[in-house]
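Here is the file work_31.txt (compact mmCIF, C-alpha atoms).
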# COMPACT_ATOMS: atom_id res chain seq x y z
CA MET A 1 124.14 91.36 94.62
CA THR A 2 122.85 88.67 96.95
CA ASP A 3 121.75 85.19 96.13
CA PRO A 4 118.75 84.27 98.30
CA ASN A 5 119.84 80.63 98.33
CA ASN A 6 122.80 81.66 100.46
CA ALA A 7 123.88 79.39 103.33
CA ASP A 8 123.76 82.39 105.71
CA ASP A 9 119.94 82.23 105.80
CA GLU A 10 119.97 80.18 108.99
CA ASP A 11 121.89 82.96 110.79
CA LEU A 12 119.37 85.64 109.81
CA PRO A 13 116.52 86.71 112.09
CA ARG A 14 113.09 85.28 111.31
CA ASP A 15 111.83 88.62 109.90
CA ALA A 16 114.76 88.86 107.47
CA ARG A 17 114.10 85.30 106.28
CA ILE A 18 110.44 86.24 105.70
CA ILE A 19 111.51 89.25 103.61
CA LYS A 20 113.84 87.04 101.56
CA ALA A 21 111.03 84.52 101.05
CA LEU A 22 108.70 87.31 99.88
CA LEU A 23 111.30 88.57 97.41
CA LYS A 24 111.82 85.04 96.10
CA SER A 25 108.05 84.47 95.74
CA MET A 26 107.87 87.63 93.61
CA GLY A 27 110.58 86.28 91.29
CA ILE A 28 113.33 88.59 92.56
CA GLU A 29 116.44 86.47 92.75
CA HIS A 30 119.28 89.03 92.72
CA TYR A 31 119.30 92.06 94.98
CA GLU A 32 121.69 94.00 97.16
CA PRO A 33 121.95 92.97 100.83
CA ARG A 34 120.72 96.35 102.06
CA VAL A 35 117.33 95.76 100.39
CA VAL A 36 116.40 93.30 103.13
CA HIS A 37 117.38 95.84 105.80
CA GLN A 38 115.39 98.61 104.09
CA PHE A 39 112.27 96.43 103.93
CA LEU A 40 112.73 95.47 107.58
CA GLU A 41 112.97 99.13 108.59
CA LEU A 42 109.83 99.95 106.61
CA TRP A 43 108.02 96.97 108.12
CA TYR A 44 109.01 97.89 111.71
CA ARG A 45 108.13 101.57 111.25
CA TYR A 46 104.71 100.65 109.86
CA ALA A 47 104.06 98.24 112.75
CA VAL A 48 105.07 100.87 115.33
CA ASP A 49 102.81 103.46 113.68
CA MET A 50 99.86 101.06 113.65
CA LEU A 51 100.34 99.98 117.25
CA SER A 52 100.77 103.60 118.41
CA ASP A 53 97.51 104.56 116.70
CA ALA A 54 95.79 101.47 118.14
CA GLN A 55 96.96 102.47 121.61
CA VAL A 56 95.50 105.97 121.15
CA TYR A 57 92.18 104.43 120.06
CA ALA A 58 92.19 102.07 123.05
CA GLU A 59 92.88 104.93 125.48
CA HIS A 60 90.12 106.98 123.91
CA ALA A 61 87.70 104.08 124.37
CA GLY A 62 88.77 103.74 128.01
CA LYS A 63 90.33 100.30 127.55
CA ALA A 64 93.31 99.14 129.58
CA ALA A 65 94.84 97.17 126.68
CA ILE A 66 94.84 97.16 122.91
CA ASP A 67 92.55 94.63 121.24
CA ALA A 68 92.03 93.50 117.63
CA ASP A 69 89.34 96.12 116.98
CA ASP A 70 91.78 98.93 117.85
CA VAL A 71 94.40 97.52 115.47
CA LYS A 72 91.79 97.12 112.70
CA LEU A 73 90.66 100.72 113.23
CA ALA A 74 94.28 101.97 113.10
CA ILE A 75 94.95 100.06 109.88
CA GLN A 76 91.71 101.30 108.32
CA GLY A 77 92.60 104.87 109.28
CA LYS A 78 96.02 104.53 107.67
CA VAL A 79 94.55 102.99 104.51
CA ASN A 80 91.89 105.70 104.19
CA PHE A 81 94.27 108.62 104.67
CA SER A 82 97.59 107.34 103.33
CA PHE A 83 96.67 105.34 100.28
CA SER A 84 94.29 106.58 97.64
CA GLN A 85 92.63 104.50 94.99
CA PRO A 86 92.38 105.85 91.45
CA PRO A 87 88.87 106.68 90.27
CA PRO A 88 86.98 103.94 88.42
CA ARG A 89 87.64 103.56 84.70
CA GLU A 90 84.09 104.71 83.81
CA VAL A 91 84.59 107.98 85.68
CA LEU A 92 87.87 108.63 83.87
CA LEU A 93 86.31 107.87 80.47
CA GLU A 94 83.41 110.24 81.12
CA LEU A 95 85.83 112.95 82.25
CA ALA A 96 87.92 112.44 79.10
CA ARG A 97 84.82 112.64 76.86
CA SER A 98 83.65 115.89 78.45
CA ARG A 99 87.11 117.41 78.27
CA ASN A 100 87.66 116.37 74.66
CA LYS A 101 84.39 118.02 73.56
CA ILE A 102 86.12 121.39 73.90
CA PRO A 103 88.15 122.00 70.71
CA LEU A 104 91.75 123.10 70.91
CA PRO A 105 92.45 126.75 70.04
CA LYS A 106 93.44 127.55 66.46
CA ILE A 107 97.14 127.94 65.77
CA VAL A 108 97.95 131.57 65.11
CA GLY A 109 101.08 132.41 63.18
CA GLY A 110 103.05 131.14 60.29
CA PRO A 111 104.88 127.92 59.73
CA GLY A 112 107.65 126.87 62.05
CA ILE A 113 108.17 127.12 65.75
CA PRO A 114 106.70 130.19 67.44
CA LEU A 115 109.45 132.10 69.23
CA PRO A 116 109.14 134.46 72.17
CA PRO A 117 109.60 138.19 71.69
CA GLU A 118 113.18 139.29 71.20
CA GLU A 119 113.34 141.04 74.57
CA ASP A 120 112.65 137.70 76.25
CA THR A 121 115.44 135.80 74.51
CA LEU A 122 119.06 135.27 75.41
CA ILE A 123 120.26 137.55 72.62
CA SER A 124 118.73 140.64 74.19
CA PRO A 125 120.88 142.87 76.42
CA ASN A 126 121.13 141.18 79.75
CA TYR A 127 123.59 143.32 81.64
CA GLN A 128 124.53 146.97 82.04
CA LEU A 129 127.86 148.65 82.55
CA VAL A 130 128.22 151.88 84.44
CA ILE A 131 130.69 154.10 82.60
CA PRO A 132 131.81 157.26 84.38
CA ARG A 133 131.10 160.45 82.46
CA LYS A 134 132.80 163.74 83.26
CA GLN A 135 130.62 166.69 84.16
CA PRO A 136 131.53 170.07 82.72
CA ALA A 137 133.38 172.31 85.19
CA GLN A 138 130.72 175.03 84.95
CA ALA A 139 127.97 172.62 86.03
CA LEU A 140 130.07 171.63 89.03
CA GLU A 141 130.42 175.21 90.18
CA GLU A 142 126.65 175.69 90.04
CA THR A 143 125.96 172.60 92.11
CA GLU A 144 128.58 173.38 94.76
CA GLU A 145 127.59 177.03 95.41
CA PRO A 146 126.45 177.54 99.02
CA GLU A 147 123.06 179.13 99.56
CA GLU A 148 123.00 182.85 100.15
CA GLY A 149 122.88 183.79 103.79
CA ALA A 150 124.20 180.43 104.88
CA ALA A 151 127.22 180.51 107.13
CA PRO A 152 130.26 178.88 105.59
CA ASN A 153 131.15 175.64 107.31
CA SER A 154 134.73 175.72 108.52
CA SER A 155 134.94 171.93 108.52
CA GLN A 156 134.46 171.74 104.76
CA GLU A 157 137.50 171.22 102.64
CA PRO A 158 138.48 174.12 100.43
CA ARG A 159 136.76 173.92 97.06
CA ASN A 160 138.88 172.97 94.10
CA ASP A 161 137.43 174.43 90.86
CA HIS A 162 139.66 172.20 88.75
CA GLN A 163 138.33 169.01 90.36
CA THR A 164 136.20 166.88 88.03
CA HIS A 165 133.29 164.78 89.24
CA LEU A 166 132.05 161.69 87.46
CA THR A 167 128.42 160.71 86.94
CA PRO A 168 127.52 157.18 85.94
CA GLN A 169 126.15 156.47 82.49
CA LYS A 170 124.44 153.14 81.82
CA VAL A 171 125.29 151.31 78.62
CA SER A 172 123.77 148.00 77.50
CA PHE A 173 125.36 145.53 75.13
CA SER A 174 123.66 142.85 73.11
CA LEU A 175 125.15 139.37 73.24
CA GLY A 176 123.92 138.34 69.82
CA PRO A 177 123.44 139.93 66.44
CA LYS A 178 120.40 142.14 66.03
CA HIS A 179 118.00 141.04 63.37
CA PRO A 180 116.27 143.80 61.41
CA LYS A 181 112.50 143.69 61.71
Would you mind writing the file out in structure tokens?
Amino acid sequence: MTDPNNADDEDLPRDARIIKALLKSMGIEHYEPRVVHQFLELWYRYAVDMLSDAQVYAEHAGKAAIDADDVKLAIQGKVNFSFSQPPPREVLLELARSRNKIPLPKIVGGPGIPLPPEEDTLISPNYQLVIPRKQPAQALEETEEPEEGAAPNSSQEPRNDHQTHLTPQKVSFSLGPKHPK
């Protein structure tokens, strides 16, 4: 934290002393040193933006240099498009009155907190396991029979009738106890 009554104030640039004076006038006595640097950066960036916009306005008007009217126009443009004022209190009150004329919907259901359907809760099955299931040998033979009239492919491996193939079977598990309905 920094004390603004520090003896190092004479070594600071004029802009930093102005920032410190503004903080002191607002009643802010203790702050970190980087606060002054952050305000200076904001101040410089704003000034550069305003002067850049003023230069664009001056060029558009065909002027050789920026004058006070260009700066005023740049500031007014920034205020109109960057900062918005809240609506007047009367407008907000009228809006609240018209909105509050519509009654709230009736509460449907019994006492307590309404809960989502069970399938949308964390206790519903939320993952699946694939468990291999053996196919009967007879079903395998039917699926591996070549079509009639088709030439046997010599690059195929010889068929093993005792080989078993596995087909996946999906199984879901619940993470919580099921409640009877």
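Each of A:Glu41, A:Asp70, A:Asp120, A:Glu59 was compared to Asp15 of chain A using all atoms listed in the file, and A:Glu41 turns out to be the nearest.
Here atom CA of Pro86 of chain A is placed at a distance of 22.1 Å from atom CA of Ala74 of chain A.
One finds atom CA of Leu42 of chain A at 19.1 Å from atom CA of Ser84 of chain A.
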